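Asks: my_file.csv is the file, holding CSV, C-alpha atoms:
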chain,number,residue,atom,x,y,z
A,1,ILE,CA,130.7,27.5,20.7
A,2,LYS,CA,132.1,24.9,18.3
A,3,SER,CA,134.2,27.6,16.6
A,4,PHE,CA,135.5,28.9,19.9
A,5,PHE,CA,136.8,25.5,20.9
A,6,TYR,CA,138.2,24.9,17.5
A,7,GLY,CA,140.1,28.2,17.7
A,8,PHE,CA,141.4,27.3,21.2
A,9,HIS,CA,142.5,23.9,20.0
A,10,GLN,CA,144.4,25.5,17.1
A,11,ASN,CA,146.1,28.0,19.4
A,12,LYS,CA,147.3,25.2,21.6
A,13,MET,CA,148.6,23.3,18.6
A,14,ASP,CA,150.5,26.4,17.5
A,15,ILE,CA,152.1,26.7,20.9
A,16,TYR,CA,153.1,23.0,20.9
A,17,LYS,CA,154.6,23.4,17.4
A,18,LEU,CA,156.7,26.4,18.6
A,19,ARG,CA,157.8,24.5,21.6
A,20,GLY,CA,158.8,21.6,19.4
A,21,VAL,CA,160.9,23.9,17.2
A,22,TYR,CA,162.6,25.3,20.3
A,23,MET,CA,163.3,21.9,21.7
A,24,ASN,CA,164.7,20.7,18.3
A,25,LEU,CA,167.0,23.7,18.1
A,26,ASN,CA,168.3,22.9,21.5
A,27,LYS,CA,168.7,19.2,20.7
A,28,ASN,CA,171.1,20.2,17.9
A,29,LYS,CA,173.3,22.0,20.4
A,30,THR,CA,175.8,20.2,22.6
A,31,LYS,CA,175.9,20.6,26.4
A,32,ARG,CA,179.1,22.5,25.9
A,33,GLN,CA,177.5,25.0,23.5
A,34,ILE,CA,174.6,25.6,25.8
A,35,LYS,CA,176.9,26.1,28.7
A,36,LEU,CA,179.1,28.5,26.7
A,37,GLU,CA,176.0,30.6,25.6
A,38,THR,CA,174.8,30.8,29.2
A,39,VAL,CA,178.2,31.9,30.5
A,40,VAL,CA,178.7,34.5,27.8
A,41,SER,CA,175.2,35.9,28.4
A,42,HIS,CA,176.4,36.7,32.0
A,43,ARG,CA,179.7,38.4,31.1
A,44,GLN,CA,179.9,41.7,33.0
A,45,ALA,CA,179.7,44.9,31.0
A,46,ASN,CA,182.0,47.8,31.6
A,47,ILE,CA,184.4,46.2,34.0
A,48,VAL,CA,188.1,45.4,33.2
A,49,VAL,CA,190.9,44.4,35.5
A,50,VAL,CA,194.5,45.9,35.1
A,51,LEU,CA,197.6,44.3,36.5
A,52,GLU,CA,200.6,46.6,36.7
A,53,ASP,CA,204.0,44.9,36.6
A,54,LEU,CA,203.2,41.7,38.4
A,55,HIS,CA,206.4,39.8,39.2
A,56,ASP,CA,205.0,36.2,39.6
A,57,PRO,CA,203.2,34.7,36.6
A,58,HIS,CA,201.4,32.3,39.0
A,59,ASN,CA,199.7,35.3,40.7
A,60,ALA,CA,198.5,36.4,37.3
A,61,ALA,CA,197.2,32.9,36.6
A,62,ALA,CA,195.3,32.9,40.0
A,63,ILE,CA,193.9,36.3,39.2
A,64,ALA,CA,192.8,35.1,35.8
A,65,ARG,CA,190.8,32.3,37.5
A,66,THR,CA,189.1,34.8,39.8
A,67,VAL,CA,188.4,37.3,37.0
A,68,GLU,CA,186.8,34.6,34.8
A,69,GLY,CA,184.9,33.2,37.7
A,70,PHE,CA,183.3,36.6,38.3
A,71,GLY,CA,182.3,37.0,34.7
A,72,ILE,CA,184.9,39.6,33.7
A,73,GLN,CA,186.1,39.2,30.1
A,74,ASN,CA,189.0,41.6,29.7
A,75,LEU,CA,192.3,41.4,31.6
A,76,HIS,CA,195.0,44.0,30.9
A,77,LEU,CA,198.7,43.3,31.8
A,78,ILE,CA,201.3,46.0,31.9
A,79,PHE,CA,205.0,45.0,31.6
A,80,GLU,CA,207.0,48.2,32.1
A,81,HIS,CA,209.5,47.2,34.7
A,82,GLU,CA,209.0,43.4,35.0
A,83,PRO,CA,209.7,40.7,32.5
A,84,SER,CA,206.8,40.0,30.2
A,85,PHE,CA,205.1,36.6,29.9
A,86,ASN,CA,202.3,35.1,27.8
A,87,PRO,CA,199.2,34.8,30.1
A,88,LYS,CA,197.7,32.2,27.7
A,89,LYS,CA,200.6,29.8,28.4
A,90,ILE,CA,201.2,30.0,32.2
A,91,GLY,CA,199.7,28.5,35.3
A,92,LYS,CA,197.4,25.9,33.7
A,93,SER,CA,196.8,24.3,37.1
A,94,THR,CA,196.7,27.6,39.0
A,95,SER,CA,194.2,29.2,36.6
A,96,SER,CA,192.2,26.0,36.1
A,97,SER,CA,192.4,26.8,32.4
A,98,ALA,CA,190.5,30.0,32.9
A,99,ASN,CA,193.0,31.8,30.7
A,100,LYS,CA,191.4,30.0,27.7
A,101,TRP,CA,188.2,32.0,28.1
A,102,LEU,CA,189.6,35.5,28.7
A,103,THR,CA,190.7,38.3,26.4
A,104,PHE,CA,194.1,39.5,27.4
A,105,HIS,CA,195.6,42.9,26.5
A,106,SER,CA,199.4,43.5,27.0
A,107,TRP,CA,201.0,46.9,27.4
A,108,HIS,CA,204.6,48.1,27.5
A,109,THR,CA,203.8,51.2,29.6
A,110,THR,CA,201.2,52.2,32.2
A,111,LYS,CA,200.7,55.4,30.3
A,112,ASP,CA,199.7,53.7,27.1
A,113,CYS,CA,197.3,51.4,29.0
A,114,PHE,CA,195.7,54.2,30.9
A,115,ASP,CA,195.4,56.5,27.9
A,116,ASN,CA,193.6,53.7,26.0
A,117,LEU,CA,191.2,53.0,28.8
A,118,LYS,CA,190.4,56.7,29.4
A,119,GLN,CA,189.6,57.1,25.7
A,120,GLU,CA,187.1,54.2,26.0
A,121,GLY,CA,185.4,56.1,28.9
A,122,TYR,CA,186.7,54.0,31.8
A,123,VAL,CA,187.1,55.5,35.3
A,124,ILE,CA,190.5,54.2,36.5
A,125,ILE,CA,190.4,53.0,40.1
A,126,GLY,CA,193.6,52.0,41.8
A,127,THR,CA,194.0,49.9,44.9
A,128,THR,CA,196.4,51.6,47.3
A,129,LEU,CA,197.2,52.3,50.9
A,130,THR,CA,197.6,56.0,50.5
A,131,PRO,CA,195.8,58.3,53.0
A,132,ASP,CA,193.4,59.6,50.3
A,133,ALA,CA,192.2,56.1,49.4
A,134,VAL,CA,188.4,55.6,49.9
A,135,ASN,CA,187.1,52.6,51.9
A,136,LEU,CA,186.1,49.9,49.4
A,137,TYR,CA,182.7,49.5,51.1
A,138,GLU,CA,181.9,53.2,51.1
A,139,TYR,CA,182.7,53.9,47.5
A,140,ALA,CA,179.9,54.9,45.0
A,141,TRP,CA,180.9,52.8,42.0
A,142,PRO,CA,180.6,54.5,38.6
A,143,GLN,CA,179.1,52.6,35.6
A,144,LYS,CA,182.3,51.9,33.7
A,145,ILE,CA,185.4,51.0,35.7
A,146,ALA,CA,189.0,49.8,35.3
A,147,LEU,CA,190.3,48.2,38.5
A,148,VAL,CA,194.1,48.5,38.8
A,149,PHE,CA,196.2,46.3,41.0
A,150,GLY,CA,200.0,46.8,41.4
A,151,ASN,CA,203.2,44.8,41.9
A,152,GLU,CA,203.2,42.2,44.8
A,153,HIS,CA,206.0,44.0,46.6
A,154,ASN,CA,205.8,47.7,45.7
A,155,GLY,CA,202.1,48.2,44.8
A,156,LEU,CA,201.2,50.7,42.2
A,157,SER,CA,203.8,52.8,40.5
A,158,GLU,CA,204.1,56.5,41.3
A,159,TYR,CA,202.7,57.2,37.8
A,160,ALA,CA,199.7,54.9,38.2
A,161,THR,CA,198.9,56.3,41.7
A,162,GLN,CA,199.0,59.9,40.3
A,163,GLN,CA,197.0,59.1,37.2
A,164,CYS,CA,194.2,57.1,38.8
A,165,ASP,CA,190.8,58.9,38.9
A,166,THR,CA,190.1,57.4,42.3
A,167,LYS,CA,192.0,55.3,44.8
A,168,ILE,CA,190.3,52.7,47.0
A,169,MET,CA,191.6,50.6,49.9
A,170,ILE,CA,190.5,47.3,51.6
A,171,PRO,CA,190.0,48.0,55.3
A,172,MET,CA,192.3,45.7,57.3
A,173,GLN,CA,191.7,44.5,60.9
A,174,GLY,CA,194.9,42.7,61.7
A,175,MET,CA,198.6,43.4,62.2
A,176,ILE,CA,199.3,42.7,58.5
A,177,GLN,CA,198.2,45.7,56.4
A,178,SER,CA,197.9,44.0,53.0
A,179,PHE,CA,196.6,40.9,51.2
A,180,ASN,CA,198.1,38.9,48.5
A,181,VAL,CA,197.3,40.6,45.2
A,182,SER,CA,195.1,37.7,44.0
A,183,VAL,CA,193.1,37.8,47.2
A,184,SER,CA,192.7,41.6,46.9
A,185,VAL,CA,191.3,41.1,43.4
A,186,GLY,CA,188.7,38.6,44.7
A,187,ILE,CA,187.6,40.9,47.5
A,188,VAL,CA,187.3,44.0,45.3
A,189,LEU,CA,185.4,42.2,42.5
A,190,GLY,CA,183.1,40.5,45.0
A,191,GLU,CA,182.1,43.9,46.4
A,192,VAL,CA,181.7,45.4,42.9
A,193,LEU,CA,179.4,42.6,41.7
A,194,ARG,CA,177.4,42.7,45.0
A,195,VAL,CA,176.6,46.4,44.3
A,196,ARG,CA,175.9,45.8,40.6
A,197,SER,CA,173.6,42.8,41.4
A,198,LYS,CA,170.9,45.4,42.3
A,199,LYS,CA,170.9,46.8,38.7
A,200,LYS,CA,168.9,45.7,35.7
A,201,ASP,CA,170.4,42.9,33.6
A,202,GLU,CA,170.9,45.3,30.6
A,203,GLU,CA,173.1,47.5,32.8
A,204,ARG,CA,175.1,44.5,34.1
A,205,TYR,CA,175.7,42.2,31.2
A,206,ILE,CA,177.3,42.7,27.8
A,207,SER,CA,175.0,43.2,24.8
A,208,GLU,CA,173.8,40.4,22.5
A,209,THR,CA,176.1,41.9,19.8
A,210,GLU,CA,179.1,41.6,22.1
A,211,GLN,CA,178.0,38.1,23.1
A,212,ALA,CA,178.0,37.0,19.5
A,213,LEU,CA,181.6,38.1,19.0
A,214,LEU,CA,182.7,35.8,21.9
A,215,LEU,CA,180.8,32.7,20.6
Could you render the structure from this file as structure tokens?
Replies:
Amino acid sequence: IKSFFYGFHQNKMDIYKLRGVYMNLNKNKTKRQIKLETVVSHRQANIVVVLEDLHDPHNAAAIARTVEGFGIQNLHLIFEHEPSFNPKKIGKSTSSSANKWLTFHSWHTTKDCFDNLKQEGYVIIGTTLTPDAVNLYEYAWPQKIALVFGNEHNGLSEYATQQCDTKIMIPMQGMIQSFNVSVSVGIVLGEVLRVRSKKKDEERYISETEQALLL
């Protein structure tokens, strides 16, 4: 009996020692480091957002804030027919400094962007109002997706519309038949993450190796 209680006591002491090590490790980290690690661990895997020829940099900044808020890491910007801008340097107040935490990819042509994404295995999904577009809330989302949003006035280019693997639309109930592009991004991402929330963590979030690259 004595040896049993001695062993039990030792096990408890071992547990306390381990807890002490864990607590000491965390004491050495700042609140900012802990916050950053928590955020990075919830970065969404296999989702990127693509903006084709946005005219207003402030819309891009607002979208960057939405994208970061939903845990998306990669934002692609195509500048084929509109003047280019540096997404890291615009709309600090609009983006609430979200652009500091994102990885931006700039492209001169839609073709180059799409070719790259397809090589990486993404299904390219465009937001359009074409008759063959699938209702956002009825679409069966694949595992690896690139969501493409077009110009504020003209929508997606003819090339992008033709080259998308799938086209989706947000059902409208009012007289106006489209939302501001930044609002559209928020609606679509909200639905995608709602569906993905039912999956296992390892299917939703980036790997530990990918997390380490961001820290």
Asks: In Å to one decimal, how far is atom CA of Asn154 of chain A from atom CA of Val185 of chain A?
Replies: 16.1 Å
Asks: Find the residue from A:Lys88, A:Lys29, A:His76, A:Arg65 that sits nearest to Leu51 of chain A; use all atoms listed in the file when measuring.
Replies: A:His76
Asks: Quick one: distance from atom CA of Thr209 of chain A to atom CA of Asn74 of chain A in Å, one decimal?
Replies: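 If I compute the distance from atom CA of Thr209 of chain A to atom CA of Asn74 of chain A, I get 16.3 Å.
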Asks: Kindly indicate which residue among A:Gln73, A:Thr166, A:Thr127, A:Asn86 lies nearest to Trp101 of chain A, using all atoms listed in the file for the distances.
Replies: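 Of A:Gln73, A:Thr166, A:Thr127, A:Asn86, the one nearest Trp101 of chain A, counting all atoms listed in the file, is A:Gln73.
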Asks: Could you check the closest approach to Ile125 of chain A for each of A:Asn151, A:Ser106, A:Gln162, A:Thr30 and tell me which residue wins, using all atoms listed in the file?
Replies: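 Under the stated criterion, the closest residue is A:Gln162.
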Asks: When you draw a straight line from atom CA of Arg32 of chain A to atom CA of Ser182 of chain A, how long is it in Å?
Replies: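 Between atom CA of Arg32 of chain A and atom CA of Ser182 of chain A the gap works out to 28.5 Å.
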Asks: Scan for residues within 12 Å of the point (184.2, 52.3, 46.2) in the coordinates of the file, using all atoms listed in the file, and reply as a PDB file with C-alpha atoms, in the frame of the given file.
Replies:
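Output contents, as saved in result.pdb:
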ATOM      1  CA  VAL A 123     187.100  55.500  35.300  1.00  0.00           C
ATOM      2  CA  ILE A 124     190.500  54.200  36.500  1.00  0.00           C
ATOM      3  CA  ILE A 125     190.400  53.000  40.100  1.00  0.00           C
ATOM      4  CA  GLY A 126     193.600  52.000  41.800  1.00  0.00           C
ATOM      5  CA  THR A 127     194.000  49.900  44.900  1.00  0.00           C
ATOM      6  CA  ALA A 133     192.200  56.100  49.400  1.00  0.00           C
ATOM      7  CA  VAL A 134     188.400  55.600  49.900  1.00  0.00           C
ATOM      8  CA  ASN A 135     187.100  52.600  51.900  1.00  0.00           C
ATOM      9  CA  LEU A 136     186.100  49.900  49.400  1.00  0.00           C
ATOM     10  CA  TYR A 137     182.700  49.500  51.100  1.00  0.00           C
ATOM     11  CA  GLU A 138     181.900  53.200  51.100  1.00  0.00           C
ATOM     12  CA  TYR A 139     182.700  53.900  47.500  1.00  0.00           C
ATOM     13  CA  ALA A 140     179.900  54.900  45.000  1.00  0.00           C
ATOM     14  CA  TRP A 141     180.900  52.800  42.000  1.00  0.00           C
ATOM     15  CA  PRO A 142     180.600  54.500  38.600  1.00  0.00           C
ATOM     16  CA  GLN A 143     179.100  52.600  35.600  1.00  0.00           C
ATOM     17  CA  ILE A 145     185.400  51.000  35.700  1.00  0.00           C
ATOM     18  CA  LEU A 147     190.300  48.200  38.500  1.00  0.00           C
ATOM     19  CA  ASP A 165     190.800  58.900  38.900  1.00  0.00           C
ATOM     20  CA  THR A 166     190.100  57.400  42.300  1.00  0.00           C
ATOM     21  CA  LYS A 167     192.000  55.300  44.800  1.00  0.00           C
ATOM     22  CA  ILE A 168     190.300  52.700  47.000  1.00  0.00           C
ATOM     23  CA  MET A 169     191.600  50.600  49.900  1.00  0.00           C
ATOM     24  CA  ILE A 170     190.500  47.300  51.600  1.00  0.00           C
ATOM     25  CA  PRO A 171     190.000  48.000  55.300  1.00  0.00           C
ATOM     26  CA  ILE A 187     187.600  40.900  47.500  1.00  0.00           C
ATOM     27  CA  VAL A 188     187.300  44.000  45.300  1.00  0.00           C
ATOM     28  CA  LEU A 189     185.400  42.200  42.500  1.00  0.00           C
ATOM     29  CA  GLY A 190     183.100  40.500  45.000  1.00  0.00           C
ATOM     30  CA  GLU A 191     182.100  43.900  46.400  1.00  0.00           C
ATOM     31  CA  VAL A 192     181.700  45.400  42.900  1.00  0.00           C
ATOM     32  CA  LEU A 193     179.400  42.600  41.700  1.00  0.00           C
ATOM     33  CA  ARG A 194     177.400  42.700  45.000  1.00  0.00           C
ATOM     34  CA  VAL A 195     176.600  46.400  44.300  1.00  0.00           C
ATOM     35  CA  ARG A 196     175.900  45.800  40.600  1.00  0.00           C
TER      36      ARG A 196
END
